[in-house]
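Pasting query.cif here (mmCIF, C-alpha atoms):
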data_protein
loop_
_atom_site.group_PDB
_atom_site.id
_atom_site.type_symbol
_atom_site.label_atom_id
_atom_site.label_comp_id
_atom_site.auth_asym_id
_atom_site.auth_seq_id
_atom_site.Cartn_x
_atom_site.Cartn_y
_atom_site.Cartn_z
ATOM 1 C CA MET C 1 -16.897 35.462 74.965
ATOM 2 C CA LYS C 2 -13.428 34.011 74.787
ATOM 3 C CA LEU C 3 -12.412 30.389 74.440
ATOM 4 C CA VAL C 4 -9.179 29.745 76.311
ATOM 5 C CA THR C 5 -7.369 26.603 75.136
ATOM 6 C CA MET C 6 -4.445 25.326 77.183
ATOM 7 C CA ILE C 7 -2.195 22.376 76.378
ATOM 8 C CA THR C 8 -0.055 21.290 79.281
ATOM 9 C CA GLU C 9 1.277 18.437 81.383
ATOM 10 C CA SER C 10 -1.323 16.118 82.874
ATOM 11 C CA VAL C 11 0.113 16.528 86.359
ATOM 12 C CA LEU C 12 -0.894 20.200 86.366
ATOM 13 C CA VAL C 13 -4.614 19.634 85.908
ATOM 14 C CA ASP C 14 -5.675 19.982 89.537
ATOM 15 C CA ARG C 15 -3.598 23.075 90.136
ATOM 16 C CA LEU C 16 -4.615 24.687 86.872
ATOM 17 C CA THR C 17 -8.340 24.077 87.254
ATOM 18 C CA HIS C 18 -8.172 25.371 90.821
ATOM 19 C CA GLU C 19 -6.699 28.608 89.465
ATOM 20 C CA LEU C 20 -9.283 28.789 86.678
ATOM 21 C CA ARG C 21 -12.101 28.489 89.185
ATOM 22 C CA ARG C 22 -10.538 31.096 91.456
ATOM 23 C CA LEU C 23 -10.383 33.558 88.556
ATOM 24 C CA GLY C 24 -14.018 33.117 87.617
ATOM 25 C CA ALA C 25 -14.266 30.227 85.170
ATOM 26 C CA THR C 26 -17.329 28.160 86.028
ATOM 27 C CA GLY C 27 -16.497 25.107 83.962
ATOM 28 C CA TRP C 28 -13.966 23.538 81.631
ATOM 29 C CA THR C 29 -13.470 20.567 79.407
ATOM 30 C CA LEU C 30 -10.484 18.266 79.484
ATOM 31 C CA THR C 31 -9.355 15.959 76.719
ATOM 32 C CA GLU C 32 -6.348 13.684 76.709
ATOM 33 C CA ALA C 33 -3.760 14.740 74.154
ATOM 34 C CA ARG C 34 -0.328 13.948 72.917
ATOM 35 C CA GLY C 35 1.967 16.818 72.179
ATOM 36 C CA ASP C 36 5.146 17.109 70.242
ATOM 37 C CA GLY C 37 7.533 19.868 69.341
ATOM 38 C CA SER C 38 9.014 22.556 71.510
ATOM 39 C CA ARG C 39 6.735 24.772 73.537
ATOM 40 C CA GLY C 40 6.829 27.720 75.768
ATOM 41 C CA MET C 41 9.554 29.895 77.103
ATOM 42 C CA ARG C 42 11.919 27.066 77.923
ATOM 43 C CA SER C 43 11.409 25.424 74.559
ATOM 44 C CA VAL C 44 10.995 22.187 76.422
ATOM 45 C CA PRO C 45 9.725 19.251 74.473
ATOM 46 C CA MET C 46 6.234 17.992 75.235
ATOM 47 C CA PRO C 47 6.450 14.480 73.921
ATOM 48 C CA GLY C 48 4.377 12.628 76.488
ATOM 49 C CA GLU C 49 0.863 12.625 77.809
ATOM 50 C CA ASN C 50 -0.630 16.056 77.817
ATOM 51 C CA VAL C 51 -4.030 17.423 78.548
ATOM 52 C CA ARG C 52 -6.036 19.914 76.559
ATOM 53 C CA ILE C 53 -8.147 22.158 78.763
ATOM 54 C CA GLU C 54 -10.753 24.486 77.341
ATOM 55 C CA CYS C 55 -12.934 27.038 79.018
ATOM 56 C CA VAL C 56 -15.294 29.684 77.725
ATOM 57 C CA VAL C 57 -15.107 32.845 79.784
ATOM 58 C CA SER C 58 -15.742 36.570 79.582
ATOM 59 C CA PRO C 59 -12.986 38.722 78.038
ATOM 60 C CA GLU C 60 -12.187 40.016 81.538
ATOM 61 C CA VAL C 61 -11.719 36.538 82.955
ATOM 62 C CA ALA C 62 -9.723 35.552 79.869
ATOM 63 C CA ASP C 63 -7.282 38.381 80.574
ATOM 64 C CA LEU C 64 -6.915 37.276 84.184
ATOM 65 C CA VAL C 65 -6.332 33.695 83.077
ATOM 66 C CA MET C 66 -3.673 34.663 80.549
ATOM 67 C CA GLU C 67 -1.887 36.831 83.134
ATOM 68 C CA MET C 68 -1.946 33.970 85.616
ATOM 69 C CA LEU C 69 -0.617 31.528 83.035
ATOM 70 C CA ALA C 70 2.166 33.898 82.001
ATOM 71 C CA ARG C 71 3.164 34.470 85.616
ATOM 72 C CA ASP C 72 2.726 31.064 87.225
ATOM 73 C CA PHE C 73 2.869 28.427 84.510
ATOM 74 C CA PHE C 74 4.800 29.500 81.439
ATOM 75 C CA PRO C 75 8.107 30.137 83.234
ATOM 76 C CA ASN C 76 8.073 26.766 84.927
ATOM 77 C CA TYR C 77 6.131 24.262 82.900
ATOM 78 C CA ALA C 78 5.611 23.088 79.356
ATOM 79 C CA MET C 79 2.468 24.879 78.285
ATOM 80 C CA VAL C 80 0.959 26.545 75.291
ATOM 81 C CA ALA C 81 -2.245 28.569 75.409
ATOM 82 C CA TRP C 82 -4.308 30.609 73.048
ATOM 83 C CA LEU C 83 -7.500 32.661 72.962
ATOM 84 C CA SER C 84 -10.186 32.747 70.322
ATOM 85 C CA ASP C 85 -13.471 34.579 69.968
ATOM 86 C CA VAL C 86 -16.570 32.467 70.291
ATOM 87 C CA GLU C 87 -20.278 33.099 70.288
ATOM 88 C CA VAL C 88 -22.022 31.283 73.084
ATOM 89 C CA VAL C 89 -25.717 30.531 72.846
ATOM 90 C CA ARG C 90 -27.831 32.675 75.177
ATOM 91 C CA GLY C 91 -24.937 34.750 76.417
ATOM 92 C CA GLU C 92 -24.789 34.952 80.162
ATOM 93 C CA LYS C 93 -26.718 31.796 80.719
ATOM 94 C CA TYR C 94 -24.009 29.741 79.092
ATOM 95 C CA ARG C 95 -20.983 31.384 80.558
ATOM 96 C CA ARG C 96 -18.845 28.536 81.867
ATOM 97 C CA MET N 1 -18.022 28.787 57.690
ATOM 98 C CA LYS N 2 -18.879 28.185 61.320
ATOM 99 C CA LEU N 3 -17.371 25.672 63.689
ATOM 100 C CA VAL N 4 -19.989 24.456 66.156
ATOM 101 C CA THR N 5 -18.473 22.906 69.283
ATOM 102 C CA MET N 6 -20.774 21.057 71.673
ATOM 103 C CA ILE N 7 -19.847 19.481 75.010
ATOM 104 C CA THR N 8 -22.488 17.186 76.359
ATOM 105 C CA GLU N 9 -23.322 13.841 77.940
ATOM 106 C CA SER N 10 -22.070 10.772 76.092
ATOM 107 C CA VAL N 11 -25.523 9.197 76.080
ATOM 108 C CA LEU N 12 -26.799 11.967 73.807
ATOM 109 C CA VAL N 13 -24.416 11.307 70.923
ATOM 110 C CA ASP N 14 -26.754 9.286 68.718
ATOM 111 C CA ARG N 15 -29.656 11.638 69.161
ATOM 112 C CA LEU N 16 -27.532 14.747 68.701
ATOM 113 C CA THR N 17 -25.740 13.545 65.572
ATOM 114 C CA HIS N 18 -29.080 12.465 64.097
ATOM 115 C CA GLU N 19 -30.326 16.023 64.572
ATOM 116 C CA LEU N 20 -27.119 17.489 63.143
ATOM 117 C CA ARG N 21 -27.500 15.390 60.015
ATOM 118 C CA ARG N 22 -31.155 16.307 59.659
ATOM 119 C CA LEU N 23 -30.270 20.009 59.770
ATOM 120 C CA GLY N 24 -27.615 19.734 57.082
ATOM 121 C CA ALA N 25 -24.312 18.864 58.736
ATOM 122 C CA THR N 26 -22.503 16.323 56.603
ATOM 123 C CA GLY N 27 -19.900 15.260 59.142
ATOM 124 C CA TRP N 28 -18.670 15.730 62.666
ATOM 125 C CA THR N 29 -15.846 14.777 64.941
ATOM 126 C CA LEU N 30 -16.220 13.307 68.399
ATOM 127 C CA THR N 31 -13.617 13.264 71.127
ATOM 128 C CA GLU N 32 -13.957 11.861 74.620
ATOM 129 C CA ALA N 33 -13.800 14.562 77.263
ATOM 130 C CA ARG N 34 -14.136 15.133 80.934
ATOM 131 C CA GLY N 35 -16.053 18.161 82.044
ATOM 132 C CA ASP N 36 -16.269 19.944 85.314
ATOM 133 C CA GLY N 37 -18.063 22.965 86.634
ATOM 134 C CA SER N 38 -21.644 24.003 86.195
ATOM 135 C CA ARG N 39 -23.086 24.269 82.733
ATOM 136 C CA GLY N 40 -26.215 25.281 80.965
ATOM 137 C CA MET N 41 -29.551 26.543 82.088
ATOM 138 C CA ARG N 42 -29.896 24.132 84.955
ATOM 139 C CA SER N 43 -26.392 24.786 86.199
ATOM 140 C CA VAL N 44 -26.034 21.057 86.523
ATOM 141 C CA PRO N 45 -22.599 19.721 87.173
ATOM 142 C CA MET N 46 -20.912 17.799 84.346
ATOM 143 C CA PRO N 47 -18.357 15.837 86.309
ATOM 144 C CA GLY N 48 -18.374 12.572 84.398
ATOM 145 C CA GLU N 49 -17.709 11.312 80.926
ATOM 146 C CA ASN N 50 -18.628 13.834 78.315
ATOM 147 C CA VAL N 51 -18.214 14.038 74.604
ATOM 148 C CA ARG N 52 -16.970 16.937 72.540
ATOM 149 C CA ILE N 53 -18.661 17.120 69.158
ATOM 150 C CA GLU N 54 -17.467 19.482 66.459
ATOM 151 C CA CYS N 55 -18.893 20.211 63.057
ATOM 152 C CA VAL N 56 -18.088 22.768 60.402
ATOM 153 C CA VAL N 57 -21.203 24.065 58.720
ATOM 154 C CA SER N 58 -22.518 27.049 56.808
ATOM 155 C CA PRO N 59 -23.731 30.030 58.859
ATOM 156 C CA GLU N 60 -27.304 29.083 57.949
ATOM 157 C CA VAL N 61 -26.914 25.541 59.238
ATOM 158 C CA ALA N 62 -25.128 26.861 62.325
ATOM 159 C CA ASP N 63 -28.161 28.996 63.144
ATOM 160 C CA LEU N 64 -30.474 26.020 62.739
ATOM 161 C CA VAL N 65 -28.230 23.919 64.968
ATOM 162 C CA MET N 66 -28.104 26.540 67.707
ATOM 163 C CA GLU N 67 -31.885 26.954 67.621
ATOM 164 C CA MET N 68 -32.316 23.191 67.863
ATOM 165 C CA LEU N 69 -29.881 22.969 70.774
ATOM 166 C CA ALA N 70 -31.576 25.823 72.606
ATOM 167 C CA ARG N 71 -34.990 24.259 72.108
ATOM 168 C CA ASP N 72 -34.343 20.540 72.528
ATOM 169 C CA PHE N 73 -31.156 20.091 74.531
ATOM 170 C CA PHE N 74 -30.313 23.037 76.752
ATOM 171 C CA PRO N 75 -33.525 22.912 78.818
ATOM 172 C CA ASN N 76 -33.162 19.218 79.542
ATOM 173 C CA TYR N 77 -29.525 18.187 79.448
ATOM 174 C CA ALA N 78 -26.115 19.299 80.582
ATOM 175 C CA MET N 79 -24.672 20.936 77.493
ATOM 176 C CA VAL N 80 -22.534 23.852 76.506
ATOM 177 C CA ALA N 81 -22.068 24.968 72.908
ATOM 178 C CA TRP N 82 -20.306 27.724 71.074
ATOM 179 C CA LEU N 83 -19.703 28.990 67.542
ATOM 180 C CA SER N 84 -16.505 30.269 66.011
ATOM 181 C CA ASP N 85 -15.554 31.515 62.568
ATOM 182 C CA VAL N 86 -13.321 29.233 60.581
ATOM 183 C CA GLU N 87 -11.851 29.251 57.105
ATOM 184 C CA VAL N 88 -12.222 25.908 55.419
ATOM 185 C CA VAL N 89 -9.917 24.945 52.581
ATOM 186 C CA ARG N 90 -11.674 24.991 49.201
ATOM 187 C CA GLY N 91 -14.957 26.257 50.536
ATOM 188 C CA GLU N 92 -17.892 24.236 49.305
ATOM 189 C CA LYS N 93 -15.879 21.135 48.687
ATOM 190 C CA TYR N 94 -15.019 20.838 52.352
ATOM 191 C CA ARG N 95 -18.325 21.721 53.872
ATOM 192 C CA ARG N 96 -18.986 19.017 56.395
ATOM 193 C CA MET L 1 -1.532 33.642 64.685
ATOM 194 C CA LYS L 2 -3.542 30.899 63.045
ATOM 195 C CA LEU L 3 -4.808 27.686 64.567
ATOM 196 C CA VAL L 4 -4.813 24.910 61.978
ATOM 197 C CA THR L 5 -7.093 22.011 62.896
ATOM 198 C CA MET L 6 -6.878 18.830 60.849
ATOM 199 C CA ILE L 7 -9.038 15.718 61.210
ATOM 200 C CA THR L 8 -7.690 12.734 59.369
ATOM 201 C CA GLU L 9 -6.870 9.042 59.417
ATOM 202 C CA SER L 10 -4.637 7.891 62.261
ATOM 203 C CA VAL L 11 -2.227 6.187 59.854
ATOM 204 C CA LEU L 12 -1.260 9.565 58.409
ATOM 205 C CA VAL L 13 0.041 11.074 61.641
ATOM 206 C CA ASP L 14 3.743 10.471 61.067
ATOM 207 C CA ARG L 15 3.690 11.699 57.507
ATOM 208 C CA LEU L 16 1.540 14.710 58.323
ATOM 209 C CA THR L 17 3.568 15.855 61.322
ATOM 210 C CA HIS L 18 6.763 15.438 59.278
ATOM 211 C CA GLU L 19 5.303 17.809 56.698
ATOM 212 C CA LEU L 20 4.138 20.247 59.379
ATOM 213 C CA ARG L 21 7.610 20.400 60.850
ATOM 214 C CA ARG L 22 9.183 20.853 57.409
ATOM 215 C CA LEU L 23 6.906 23.848 56.737
ATOM 216 C CA GLY L 24 7.774 25.584 59.989
ATOM 217 C CA ALA L 25 5.402 24.340 62.678
ATOM 218 C CA THR L 26 7.336 23.833 65.889
ATOM 219 C CA GLY L 27 4.738 21.817 67.773
ATOM 220 C CA TRP L 28 1.308 20.260 67.554
ATOM 221 C CA THR L 29 -1.261 18.514 69.657
ATOM 222 C CA LEU L 30 -2.936 15.245 68.798
ATOM 223 C CA THR L 31 -6.169 13.926 70.213
ATOM 224 C CA GLU L 32 -7.911 10.682 69.363
ATOM 225 C CA ALA L 33 -11.225 11.252 67.636
ATOM 226 C CA ARG L 34 -14.055 9.460 65.960
ATOM 227 C CA GLY L 35 -15.403 10.924 62.782
ATOM 228 C CA ASP L 36 -18.560 10.351 60.886
ATOM 229 C CA GLY L 37 -20.145 11.711 57.756
ATOM 230 C CA SER L 38 -18.618 12.309 54.370
ATOM 231 C CA ARG L 39 -15.493 14.392 54.108
ATOM 232 C CA GLY L 40 -13.182 15.833 51.574
ATOM 233 C CA MET L 41 -13.019 15.740 47.831
ATOM 234 C CA ARG L 42 -13.815 12.068 47.540
ATOM 235 C CA SER L 43 -16.716 12.285 49.967
ATOM 236 C CA VAL L 44 -15.317 9.219 51.608
ATOM 237 C CA PRO L 45 -16.797 8.225 54.903
ATOM 238 C CA MET L 46 -14.614 8.642 57.985
ATOM 239 C CA PRO L 47 -16.332 6.242 60.337
ATOM 240 C CA GLY L 48 -13.343 4.813 62.161
ATOM 241 C CA GLU L 49 -10.519 5.984 64.327
ATOM 242 C CA ASN L 50 -9.351 9.418 63.386
ATOM 243 C CA VAL L 51 -6.924 11.848 64.839
ATOM 244 C CA ARG L 52 -7.377 15.543 65.458
ATOM 245 C CA ILE L 53 -4.167 17.486 64.989
ATOM 246 C CA GLU L 54 -3.851 21.108 65.967
ATOM 247 C CA CYS L 55 -1.007 23.533 65.531
ATOM 248 C CA VAL L 56 -0.669 27.249 66.087
ATOM 249 C CA VAL L 57 1.448 28.872 63.406
ATOM 250 C CA SER L 58 2.068 32.206 61.715
ATOM 251 C CA PRO L 59 -0.299 33.180 58.886
ATOM 252 C CA GLU L 60 2.520 32.486 56.411
ATOM 253 C CA VAL L 61 3.077 28.968 57.705
ATOM 254 C CA ALA L 62 -0.689 28.417 57.792
ATOM 255 C CA ASP L 63 -0.864 29.218 54.083
ATOM 256 C CA LEU L 64 1.948 26.787 53.337
ATOM 257 C CA VAL L 65 0.228 24.108 55.389
ATOM 258 C CA MET L 66 -3.092 24.560 53.646
ATOM 259 C CA GLU L 67 -1.424 24.438 50.212
ATOM 260 C CA MET L 68 0.387 21.258 51.194
ATOM 261 C CA LEU L 69 -2.809 19.672 52.495
ATOM 262 C CA ALA L 70 -4.721 20.612 49.345
ATOM 263 C CA ARG L 71 -1.977 19.210 47.128
ATOM 264 C CA ASP L 72 -0.832 16.109 48.974
ATOM 265 C CA PHE L 73 -3.595 14.989 51.309
ATOM 266 C CA PHE L 74 -7.043 16.093 50.207
ATOM 267 C CA PRO L 75 -6.985 14.331 46.817
ATOM 268 C CA ASN L 76 -5.934 11.029 48.328
ATOM 269 C CA TYR L 77 -7.102 10.765 51.899
ATOM 270 C CA ALA L 78 -10.092 11.422 54.081
ATOM 271 C CA MET L 79 -9.280 14.743 55.682
ATOM 272 C CA VAL L 80 -10.944 17.937 56.743
ATOM 273 C CA ALA L 81 -9.053 21.018 57.844
ATOM 274 C CA TRP L 82 -9.859 24.537 58.906
ATOM 275 C CA LEU L 83 -8.145 27.711 60.062
ATOM 276 C CA SER L 84 -9.136 30.064 62.831
ATOM 277 C CA ASP L 85 -7.644 33.215 64.261
ATOM 278 C CA VAL L 86 -6.151 32.900 67.712
ATOM 279 C CA GLU L 87 -4.298 35.176 70.068
ATOM 280 C CA VAL L 88 -1.276 33.510 71.571
ATOM 281 C CA VAL L 89 0.194 34.791 74.818
ATOM 282 C CA ARG L 90 3.501 36.611 74.351
ATOM 283 C CA GLY L 91 3.448 36.409 70.571
ATOM 284 C CA GLU L 92 6.686 35.085 69.144
ATOM 285 C CA LYS L 93 7.649 33.274 72.290
ATOM 286 C CA TYR L 94 4.700 30.972 72.027
ATOM 287 C CA ARG L 95 4.730 30.297 68.327
ATOM 288 C CA ARG L 96 4.526 26.530 68.001
#
Turn this file's structure into structure tokens for me.
Amino acid sequence: MKLVTMITESVLVDRLTHELRRLGATGWTLTEARGDGSRGMRSVPMPGENVRIECVVSPEVADLVMEMLARDFFPNYAMVAWLSDVEVVRGEKYRR
Amino acid sequence: MKLVTMITESVLVDRLTHELRRLGATGWTLTEARGDGSRGMRSVPMPGENVRIECVVSPEVADLVMEMLARDFFPNYAMVAWLSDVEVVRGEKYRR
Amino acid sequence: MKLVTMITESVLVDRLTHELRRLGATGWTLTEARGDGSRGMRSVPMPGENVRIECVVSPEVADLVMEMLARDFFPNYAMVAWLSDVEVVRGEKYRR
């Protein structure tokens, strides 16, 4: 399974989680965060209130999510995202 | 070393960290989180206040933790948990 | 790319992020955290308000960061840090 971690502007939460659900993610976790430094294609600063969104998905859903982010979010918003490999207990039952 | 990440209900923190300590974890980090989506065996929603608990442990302790979660928490509570491989600076000295 | 995750005392944020920037990190994310258990070389407790700092950097920068932490922070402060492998969308463009 893949853990997708996204750091972005708080105002994008509703839109982003709607897209995640549409692509097959069944759950996610949000934590409040503060960012700093330049991020993303526009090298915009992210100094204010950000949100950290995580979801564990199949590799196929992870690919769809990353494509969606690259197409719809990265060109227009301050966002950084990364994938990592995780082992989820009981496989399918804990896909979220 | 293994990073164990657990997202669960805030009310379970004391019980969960007690179990983590009993199984050999020497430290953990808690962050407040909001969850959404269905999680776990019961596919219960986790819409409210959640907590994200992380601990870095040996692979042996990680196995014990995942067995404990699968036995004592997953059947009864909203929880999602995953393992990832991490490299901890100075090995044994930073086991937590 | 490498994800460096550091859990430490809130009072160290300015100094730590200054060092991260000096070593080549172009951004980071901070979340408020509570720690517990013994950590680090001094096995000091970390019961109070902590901060979780994450940055995604090249393997070379990750090595520099870990050396800096081991030299300047671990001997003197309550800190735990780990590295994990992550895949960042669009490679260089999203180095932060």
I'd like the superposed chain L, fitted onto chain N by least squares over all Cα atoms in order, as a compact mmCIF listing (two decimals) with C-alpha atoms, in the coordinates of the input.
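Once written, part17.txt looks like this:
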# COMPACT_ATOMS: atom_id res chain seq x y z
CA MET L 1 -18.04 28.76 57.66
CA LYS L 2 -18.87 28.18 61.29
CA LEU L 3 -17.37 25.66 63.67
CA VAL L 4 -19.98 24.46 66.14
CA THR L 5 -18.48 22.90 69.27
CA MET L 6 -20.78 21.06 71.66
CA ILE L 7 -19.85 19.50 75.00
CA THR L 8 -22.48 17.20 76.36
CA GLU L 9 -23.32 13.87 77.95
CA SER L 10 -22.06 10.80 76.10
CA VAL L 11 -25.52 9.22 76.09
CA LEU L 12 -26.80 11.98 73.81
CA VAL L 13 -24.41 11.32 70.94
CA ASP L 14 -26.75 9.29 68.75
CA ARG L 15 -29.66 11.65 69.17
CA LEU L 16 -27.53 14.75 68.70
CA THR L 17 -25.74 13.54 65.58
CA HIS L 18 -29.09 12.46 64.11
CA GLU L 19 -30.33 16.02 64.58
CA LEU L 20 -27.12 17.48 63.14
CA ARG L 21 -27.48 15.38 60.03
CA ARG L 22 -31.16 16.30 59.68
CA LEU L 23 -30.26 20.02 59.78
CA GLY L 24 -27.62 19.73 57.08
CA ALA L 25 -24.32 18.85 58.73
CA THR L 26 -22.52 16.30 56.60
CA GLY L 27 -19.90 15.23 59.13
CA TRP L 28 -18.66 15.72 62.66
CA THR L 29 -15.84 14.77 64.93
CA LEU L 30 -16.22 13.31 68.39
CA THR L 31 -13.62 13.27 71.12
CA GLU L 32 -13.96 11.86 74.61
CA ALA L 33 -13.80 14.56 77.26
CA ARG L 34 -14.15 15.13 80.94
CA GLY L 35 -16.08 18.15 82.06
CA ASP L 36 -16.29 19.93 85.33
CA GLY L 37 -18.08 22.96 86.67
CA SER L 38 -21.67 23.99 86.25
CA ARG L 39 -23.12 24.25 82.78
CA GLY L 40 -26.23 25.25 81.01
CA MET L 41 -29.57 26.53 82.12
CA ARG L 42 -29.93 24.12 84.99
CA SER L 43 -26.41 24.75 86.24
CA VAL L 44 -26.05 21.03 86.53
CA PRO L 45 -22.61 19.69 87.18
CA MET L 46 -20.92 17.80 84.35
CA PRO L 47 -18.37 15.82 86.31
CA GLY L 48 -18.40 12.57 84.39
CA GLU L 49 -17.71 11.32 80.93
CA ASN L 50 -18.63 13.83 78.31
CA VAL L 51 -18.21 14.04 74.61
CA ARG L 52 -16.97 16.94 72.54
CA ILE L 53 -18.65 17.12 69.16
CA GLU L 54 -17.47 19.47 66.45
CA CYS L 55 -18.89 20.19 63.04
CA VAL L 56 -18.08 22.76 60.40
CA VAL L 57 -21.20 24.05 58.71
CA SER L 58 -22.53 27.04 56.79
CA PRO L 59 -23.73 30.02 58.84
CA GLU L 60 -27.32 29.07 57.96
CA VAL L 61 -26.92 25.53 59.24
CA ALA L 62 -25.12 26.86 62.32
CA ASP L 63 -28.16 28.99 63.14
CA LEU L 64 -30.47 26.01 62.75
CA VAL L 65 -28.22 23.93 64.97
CA MET L 66 -28.09 26.54 67.70
CA GLU L 67 -31.89 26.96 67.62
CA MET L 68 -32.31 23.20 67.88
CA LEU L 69 -29.87 22.98 70.77
CA ALA L 70 -31.57 25.84 72.61
CA ARG L 71 -34.99 24.26 72.12
CA ASP L 72 -34.34 20.56 72.55
CA PHE L 73 -31.14 20.10 74.53
CA PHE L 74 -30.31 23.04 76.76
CA PRO L 75 -33.52 22.92 78.83
CA ASN L 76 -33.14 19.23 79.55
CA TYR L 77 -29.51 18.21 79.45
CA ALA L 78 -26.10 19.33 80.58
CA MET L 79 -24.66 20.95 77.49
CA VAL L 80 -22.53 23.87 76.48
CA ALA L 81 -22.07 24.98 72.90
CA TRP L 82 -20.30 27.75 71.05
CA LEU L 83 -19.69 29.00 67.53
CA SER L 84 -16.50 30.27 65.99
CA ASP L 85 -15.56 31.51 62.55
CA VAL L 86 -13.31 29.23 60.56
CA GLU L 87 -11.84 29.24 57.09
CA VAL L 88 -12.20 25.90 55.38
CA VAL L 89 -9.91 24.97 52.51
CA ARG L 90 -11.65 25.01 49.13
CA GLY L 91 -14.94 26.32 50.48
CA GLU L 92 -17.90 24.27 49.33
CA LYS L 93 -15.86 21.18 48.71
CA TYR L 94 -14.98 20.87 52.35
CA ARG L 95 -18.30 21.73 53.89
CA ARG L 96 -18.99 18.97 56.39
- Take the PyMOL selection byres ((chain L and resi 70) around 10), apply it to the structure above, and return the hits as a list in words.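 Checked against the file, the PyMOL selection byres ((chain L and resi 70) around 10) matches Val89 and Arg90 of chain N; Gly40, Met41, Leu64, Val65, Met66, Glu67, Met68, Leu69, Arg71, Asp72, Phe73, Phe74, Pro75, Asn76, Met79 and Ala81 of chain L.
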- Task: May I ask you to extract the residues of chain N within 6 Å of chain L, using only C-alpha atoms, and to give them as number ranges by chain?
- Result: N: 26-31, 86-88, 94
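We find atom CA of Ala25 of chain L and atom CA of Tyr77 of chain L to be spaced 21.4 Å apart.
Counting from atom CA of Lys2 of chain N, the distance to atom CA of Cys55 of chain N is 8.2 Å.
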- Grab the atom CA of Thr8 of chain C to atom CA of Ala62 of chain C distance for me, in Å with one decimal place.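 Separating atom CA of Thr8 of chain C from atom CA of Ala62 of chain C is a distance of 17.2 Å.
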